[in-house]
Each structure stands twice: as C-alpha cells, then as structure tokens.
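This report concerns only the one structure given below.
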Amino acid sequence: MGTEPYLLYTVAVIALGTFQFGYNMAELNEPRDAMTCPSTTAPSSQGLPECIPMASWEFGLVTSIFALGGLFGALAAQPMGNRYGRRSTLALNSTGFIVAAVMKALATNVNALVLGRFISGLSSGAAAVVVPLYVNEIAPPDAKGKFGAFTQISINIGILTTQVLGLFLSKPQYWRLILVVGAAIGALQGILLLGIPESPKYLVSVGNRNGARDSLARLRGPSYSAEIEDEIREEEPLNGTTTEDPSKVSTFSFVTKPEYRKSALIVCGLMLAQQLTGINACVLHGVSILQNLLPSAAGYINVVISAANLIITSLASMYFDKISHKFLLILSMLGMGTFAFLLAAGIANGIAVLSAFAFFCFVSSFSIGLGPLPWMVASKTVSYRAVDAAQSAGIVVSWMGTFAVAFLVPVLPPVLSFVGFGVIGFGSAAAVNWGVDAY
C-alpha cells in the first residue's frame with residue numbers, strides 16, 4: 001500500500017508537538033553566554049534587561065526545571081488523552097507552549113525564566129506521551145516502525161532549528177527572539193490540528209465506529225476502502241465498543257502489578273537508558289562542553305552534529321521494520337559507551353580533534369537505536385489496554401533521567417560526566433542483551 005500525502009501531512013502536524021519538545025529542550029544551549037551576563041556585559045536599565053545574571057547552579061536549575069515540568073506533563077497526558085482524545089489533548093497542549101514562550105521571552109529575572117521553562121516542560125512532557133501514540137495509531141500496519149521514527153526525527157529537527165537560530169541570535173539584544181519562536185509554532189499547530197482526523201483506534205475504543213471509519217478513509221485514501229472494515233475489526237477485540245473501557249490499565253497499576261513487571265522494566269529501563277547514557281549533555285550543554293577546546297567553532301560543530309543526528313535517524317528509520325530492534329539498541333549503546341570514553345579522553349588531554357570526532361560519533365550512535373526506538377517499545381511490546389500507561393510510565397522515568405543530566409552536567413567536570421555515561425552505556429547494552437527478548 002502506498003503512503004497517502006494526507007497521512008504524511010497529518011503526521012507532520014502531530015509531530016509539531018515533539019518538534020516543540022526538542023526546540024524547547026535545546027533553546028538555551030547556544031545563547032547561554034549572551035543571556036547569563038558575562039563580565040563584559042551589564043544589564044540594560046530600561047525595558048527588558050539584555051541579560052539575566054545567573055550562577056552556574058542557577059543556570060542548571062533553569063535548564064533542568066524543564067524536565068520536572070515534563071514529568072508532571074507526562075503523568076497528566078494519559079488521562080487527558082483517554083478522556084478527550086489525542087487531537088484535543090494536543091490542541092490544549094499547544095496553548096501551554098504559547099504561554100511558556102511568551103513568559104520566557106519577557107522574563108526579567110531567574111524566577112520568571114524558571115516558571116516559563118517549567119510550563120514548556122509540562123507541554124513537552126504531554127507531547128512526548130501523546131505524539132508517539134497518535135502516530136502509531138494512524139500509521140499503516142506494515143509501516144509502524146518507519147512512522148514511529150517521526151517522533152525522534154521531529155525532536156531532532158526542533159533541536160537543529162534552535163541551534164541554527166542560536167548561531168545568529170545568541171547576542172545580548174537578540175537571544176529572547178529564540179525563545180519567542182515557540183509561541184508562533186504553538187499557534188500554528190493549534191490551528192492546523194483543527195483540520196486533521198482523530199485517531200481511529202481511539203474512536204473505536206470509545207465506541208465511535210463510524211467516526212473511526214471516516215478517519216481511516218481520510219488517512220488511507222480511496223484505494224484502501226476495501227481494507228478499512230478489516231482494520232477496524234482488528235481493533236475491536238482489543239478495545240471493545242463501549243464508551244467507557246473498564247479494562248484500561250492505569251500508570252500505577254502498570255508499574256506495580258506483577259503481570260506487567262517485565263514490560264515495565266523493559267519500557268522504563270530503555271527510556272531511562274536513553275537519558276542516562278548522556279545524549280542531553282550534548283543537546284543541553286554541547287556548546288559549553290566544546291567551548292574550551294574549540295572556542296570559535298563550538299557552535300558550528302554543534303549545528304553540524306545536530307544535522308547529522310537528524311540525517312542518520314532518518315536513514316536508519318528505513319530499516320526499523322526490517323532489523324531487530326534489540327540488535328540496534330545494543331549496537332547503539334555500545335557505540336555511545338565507547339565514544340563517551342573517547343570523548344572523556346579527548347577533553348582530559350586537550351585533544352580537540354579527538355573530542356570533536358568522539359562527540360560526533362557519540363551522537364550518531366544514539367541516532368541509530370537508542371534515540372528513536374525506546375519511543376516505540378510500548379506500542380510494539382505492550383497490549384493496547386496498557387499501552388497508554390506504559391508510555392506514561394516510560395516518559396516519567398525519562399524525565400527523571402533528563403532532570404539528573406540537565407542539573408548535574410553544568411556542575412560536574414565534563415571528563416567525569418562522560419566516564420559515567422560510558423559505564424552506563426556498556427551496562428545498558430549488557431542488560432538488554434540478557435534481559436530483553438528479540439523484537
């Protein structure tokens with residue numbers, strides 16, 4: 001079956017949520033020096049200050065509070081998605097991105113910036129739960145792996161966008177423009193969501209079979225009309241047709257009941273490994289990590305690496321329906337572990353070329369497995385009645401890991417951080433090898 005252009009358009013609109021996730025997460029990487037009042041810059045006395053004085057721990061708080069908001073947003077996303085639907089939840093979520101962007105752009109002190117980052121974290125956490133589910137539920141049955149990669153690809157595009165803008169706008173008088181872009185993207189998504197269909201799987205789960213048929217007809221196109229009824233019938237044994245589905249599993253039940261223990265360990269373990277292997281040290285603090293060794297090129301190298309991350313993830317996605325996810329995860333973790341040690345060695349010995357090469361390969365290793373695949377593990381390995389709970393539980397654990405990395409990396413020496421990431425990378429590969437069945 002060919003892919004309908006309207007389906008691709010729908011996925012692109014949905015993925016603006018995780019684009020915002022990547023954009024908001026990385027927005028402070030490039031303009032850190034411009035916005036935190038380096039010694040040569042004094043705050044303006046009229047209007048908005050050109051910079052906001054911040055100690056290293058305060059900048060770590062501003063960065064990491066985003067993850068705390070993400071944790072709460074992830075917890076709220078499951079009940080909202082089940083009650084109001086995927087599309088309505090994302091529409092409401094776009095409002096949060098708008099409010100947060102305006103607050104950050106107008107901030108005059110650390111407290112206001114922290115609050116804005118927390119709200120953008122709330123919306124990002126919700127998007128990180130709802131977008132992968134929504135995309136998986138509208139994807140053709142034979143292409144779920146390829147479409148599942150849209151989550152990580154859109155995050156990468158968001159990261160790359162803010163890094164490119166940062167090259168030109170990381171100046172005391174312009175850094176606020178980077179923050180306000182999120183408001184425009186949030187408004188755009190809110191408008192475009194009005195024109196796309198709700199998830200057919202969600203509609204079947206609440207008993208709206210006619211709505212599910214109409215949704216699939218729009219997404220699949222006229223050539224697929226004969227298979228629409230078959231696809232709907234495949235969902236009914238899982239979902240039932242009542243307006244309230246009593247068999248839906250809560251997040252608490254998923255992580256506490258023995259029958260879900262192995263699934264919970266796999267889902268939460270992979271999402272935690274995704275963060276604790278250190279990718280967000282590069283996303284959030286990549287410029288500052290390379291600054292001492294490559295003072296004039298750190299920003300440009302960060303953009304090139306972000307672009308490579310996007311390209312490699314996109315190319316790898318073509319094989320996600322053909323190659324074992326377990327194999328790709330192990331390969332990715334071993335690569336990250338190896339290049340984390342090499343990056344630590346390069347930084348410790350002041351070898352700029354080795355550091356840049358290891359940094360590039362570290363991020364590339366993430367792109368082929370540990371970046372995109374954990375987002376899909378819940379929908380591929382957990383029954384539908386528990387998949388929302390599994391996605392929420394995994395995202396909550398992921399945000400905990402993000403908070404730890406975001407807060408500690410500015411405080412700890414880079415060499416120590418990347419040695420730790422290397423140990424975690426090899427440990428995670430061993431855990432997947434012995435504890436996860438091939439899928």
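Naming works like this for the structure tokens: A, B, ... for the chains as they're shown, residue 1 at the start of each chain, ligands 1 onward in shown order.
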What are the DSSP alpha helix (DSSP H) residues of range 19-224 of chain A, as a PyMOL selection string?
-> chain A and resi 19-26+32-35+56-84+86-105+110-138+144-148+150-169+175-192+200-205+209-220
How close does each residue of range 356-414 of chain A get to range 270-290 of chain A, giving the shortest atom pair and distance in Å to one decimal for every residue with an atom at most 9 Å away, counting only C-alpha atoms, sorted by chain and residue number, as a tab-separated table?
residue	atom	partner	partner_atom	distance
A:Ala356	CA	A:Leu290	CA	7.8
A:Phe359	CA	A:Cys282	CA	8.0
A:Phe362	CA	A:Ile279	CA	8.1
A:Val363	CA	A:Ile279	CA	6.8
A:Phe366	CA	A:Ile279	CA	7.3
A:Leu370	CA	A:Gln274	CA	5.7
A:Gly371	CA	A:Gln274	CA	6.6
A:Leu373	CA	A:Leu270	CA	8.8
A:Pro374	CA	A:Leu270	CA	5.8
A:Trp375	CA	A:Met271	CA	7.7
A:Val377	CA	A:Leu270	CA	8.4
A:Gly394	CA	A:Met271	CA	5.6
A:Ile395	CA	A:Met271	CA	6.8
A:Val396	CA	A:Met271	CA	8.8
A:Val397	CA	A:Leu272	CA	5.8
A:Ser398	CA	A:Leu272	CA	4.9
A:Trp399	CA	A:Gln275	CA	8.1
A:Met400	CA	A:Leu272	CA	7.9
A:Gly401	CA	A:Gln275	CA	5.3
A:Thr402	CA	A:Gln275	CA	5.7
A:Ala404	CA	A:Leu276	CA	8.3
A:Val405	CA	A:Ala281	CA	6.5
A:Ala406	CA	A:Ala281	CA	6.8
A:Val409	CA	A:Ala281	CA	6.4
A:Pro410	CA	A:His285	CA	7.5
A:Pro414	CA	A:Ile289	CA	6.8
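Restricting the calculation to only C-alpha atoms, the smallest distance between Leu331 in chain A and any of A:Ser364, A:Gln189, A:Ser94, A:Ser306 is found for A:Ser364.
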Skipping near chain neighbours, those fewer than 4 positions away, what residues fall within 12 Å of Val419 in chain A using only C-alpha atoms, listed as a PyMOL selection string?
-> chain A and resi 276-278+336-348+412-415+423-426
Of the candidates A:Asp33, A:Glu50, A:Asp388, A:Glu58, which one gets nearest to Phe254 in chain A if we count only C-alpha atoms?
->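 The closest residue to Phe254 in chain A is A:Asp388.
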Go through A:Arg261, A:Lys248, A:Lys144, A:Arg385 one by one, measure the shortest atom-to-atom distance of each to Pro132 in chain A using only C-alpha atoms, and give the residue with the smallest value.
->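 The answer is A:Lys144, which sits nearest to Pro132 in chain A.
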For Lys104 in chain A, please output as a list in words all residues within 9 Å (counting only C-alpha atoms; exclusion window: fewer than 5 positions along the same chain).
->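 Contacts, in chain order: Val99, Ala112, Leu113, Val114, Leu115, Gly116, Arg117, Arg176, Leu179 and Val180 of chain A.
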Please identify all polymer residues within 8 Å of Arg209 in chain A, counting only C-alpha atoms, omitting same-chain residues fewer than 4 positions from it, and present them as an MDAnalysis selection string.
-> chainID A and resid 203:204 213 232 241
Produce a file of the selected residues containing N, CA and C atoms, as a PDB file, in the first residue's frame.
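Contents of the output file result_31.pdb:
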ATOM      1  N   LEU A 203     -11.067   6.310  18.562  1.00  0.00           N
ATOM      2  CA  LEU A 203     -12.508   6.386  18.296  1.00  0.00           C
ATOM      3  C   LEU A 203     -13.178   5.031  18.480  1.00  0.00           C
ATOM      4  N   VAL A 204     -12.515   3.954  18.052  1.00  0.00           N
ATOM      5  CA  VAL A 204     -13.061   2.618  18.283  1.00  0.00           C
ATOM      6  C   VAL A 204     -13.129   2.334  19.778  1.00  0.00           C
ATOM      7  N   ARG A 213     -14.246   4.881  10.989  1.00  0.00           N
ATOM      8  CA  ARG A 213     -14.283   4.571   9.553  1.00  0.00           C
ATOM      9  C   ARG A 213     -13.980   5.823   8.725  1.00  0.00           C
ATOM     10  N   ILE A 232     -10.626  -1.875  11.177  1.00  0.00           N
ATOM     11  CA  ILE A 232     -11.446  -1.533  12.335  1.00  0.00           C
ATOM     12  C   ILE A 232     -11.750  -2.779  13.165  1.00  0.00           C
ATOM     13  N   THR A 241     -16.382  -1.921  22.346  1.00  0.00           N
ATOM     14  CA  THR A 241     -17.108  -0.844  21.689  1.00  0.00           C
ATOM     15  C   THR A 241     -17.935  -0.039  22.665  1.00  0.00           C
TER      16      THR A 241
END
Which one of A:Ser428, A:Glu231, A:Asn349, A:Asn302 sits closest to Pro141 in chain A if you count only C-alpha atoms?
->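 Between A:Ser428, A:Glu231, A:Asn349, A:Asn302, the residue approaching Pro141 in chain A most closely is A:Glu231.
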Find the spatial neighbours of Gly148 in chain A, counting only C-alpha atoms, within a cut-off of 9 Å - ignore same-chain residues fewer than 3 positions away - and output them as a PDB file with N, CA and C atoms, in the first residue's frame.
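Saved result, result-v2.pdb, follows:
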ATOM      1  N   PRO A 132       3.781   9.982  20.103  1.00  0.00           N
ATOM      2  CA  PRO A 132       4.093   8.621  19.633  1.00  0.00           C
ATOM      3  C   PRO A 132       2.865   7.722  19.558  1.00  0.00           C
ATOM      4  N   LEU A 133       1.938   7.859  20.520  1.00  0.00           N
ATOM      5  CA  LEU A 133       0.721   7.053  20.483  1.00  0.00           C
ATOM      6  C   LEU A 133      -0.147   7.415  19.279  1.00  0.00           C
ATOM      7  N   VAL A 135       0.710   8.894  16.443  1.00  0.00           N
ATOM      8  CA  VAL A 135       1.333   8.492  15.186  1.00  0.00           C
ATOM      9  C   VAL A 135       1.222   6.983  14.982  1.00  0.00           C
ATOM     10  N   ASN A 136       1.477   6.213  16.036  1.00  0.00           N
ATOM     11  CA  ASN A 136       1.378   4.758  15.923  1.00  0.00           C
ATOM     12  C   ASN A 136      -0.037   4.315  15.564  1.00  0.00           C
ATOM     13  N   ALA A 139      -0.706   5.065  11.799  1.00  0.00           N
ATOM     14  CA  ALA A 139       0.253   4.525  10.829  1.00  0.00           C
ATOM     15  C   ALA A 139      -0.284   3.257  10.186  1.00  0.00           C
ATOM     16  N   ALA A 143       3.911  -0.376   8.358  1.00  0.00           N
ATOM     17  CA  ALA A 143       4.932   0.683   8.349  1.00  0.00           C
ATOM     18  C   ALA A 143       5.031   1.403   9.692  1.00  0.00           C
ATOM     19  N   LYS A 144       4.670   0.717  10.770  1.00  0.00           N
ATOM     20  CA  LYS A 144       4.667   1.379  12.075  1.00  0.00           C
ATOM     21  C   LYS A 144       6.077   1.737  12.540  1.00  0.00           C
ATOM     22  N   GLY A 145       7.063   0.918  12.186  1.00  0.00           N
ATOM     23  CA  GLY A 145       8.433   1.239  12.570  1.00  0.00           C
ATOM     24  C   GLY A 145       8.922   2.504  11.895  1.00  0.00           C
ATOM     25  N   THR A 151       8.789  10.533  15.679  1.00  0.00           N
ATOM     26  CA  THR A 151       8.911  11.180  16.989  1.00  0.00           C
ATOM     27  C   THR A 151      10.323  11.701  17.190  1.00  0.00           C
ATOM     28  N   GLN A 152      11.324  10.821  17.045  1.00  0.00           N
ATOM     29  CA  GLN A 152      12.705  11.245  17.253  1.00  0.00           C
ATOM     30  C   GLN A 152      13.167  12.190  16.158  1.00  0.00           C
ATOM     31  N   SER A 317      15.677   4.966  10.003  1.00  0.00           N
ATOM     32  CA  SER A 317      14.252   4.634  10.136  1.00  0.00           C
ATOM     33  C   SER A 317      13.768   3.712   9.022  1.00  0.00           C
ATOM     34  N   PHE A 320      13.883   0.113  10.368  1.00  0.00           N
ATOM     35  CA  PHE A 320      13.286  -0.249  11.655  1.00  0.00           C
ATOM     36  C   PHE A 320      12.236  -1.343  11.543  1.00  0.00           C
ATOM     37  N   PRO A 372      15.527   6.800  18.603  1.00  0.00           N
ATOM     38  CA  PRO A 372      14.141   6.595  18.169  1.00  0.00           C
ATOM     39  C   PRO A 372      13.443   5.365  18.758  1.00  0.00           C
ATOM     40  N   LEU A 373      14.160   4.277  19.029  1.00  0.00           N
ATOM     41  CA  LEU A 373      13.487   3.005  19.322  1.00  0.00           C
ATOM     42  C   LEU A 373      12.772   2.939  20.667  1.00  0.00           C
ATOM     43  N   TRP A 375      10.950   5.062  22.014  1.00  0.00           N
ATOM     44  CA  TRP A 375       9.623   5.663  21.855  1.00  0.00           C
ATOM     45  C   TRP A 375       8.610   4.655  21.319  1.00  0.00           C
ATOM     46  N   MET A 376       9.080   3.617  20.651  1.00  0.00           N
ATOM     47  CA  MET A 376       8.183   2.641  20.020  1.00  0.00           C
ATOM     48  C   MET A 376       7.974   1.394  20.855  1.00  0.00           C
TER      49      MET A 376
END
Which one of A:Ser296, A:Ser417, A:Thr162, A:Ser383 sits closest to Leu177 in chain A if you count only C-alpha atoms?
-> A:Thr162
CA of Glu27 in chain A sits from CA of Lys171 in chain A at a separation of 13.6 Å
Hey, can you check how far CA of Asn208 in chain A sits from CA of Tyr84 in chain A?
->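 Computing the Euclidean distance for CA of Asn208 in chain A and CA of Tyr84 in chain A yields 13.3 Å.
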Enter the distance from CA of Glu137 in chain A to CA of Tyr202 in chain A, in Å, rounded to one decimal.
->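 These two atoms are separated by 8.0 Å.
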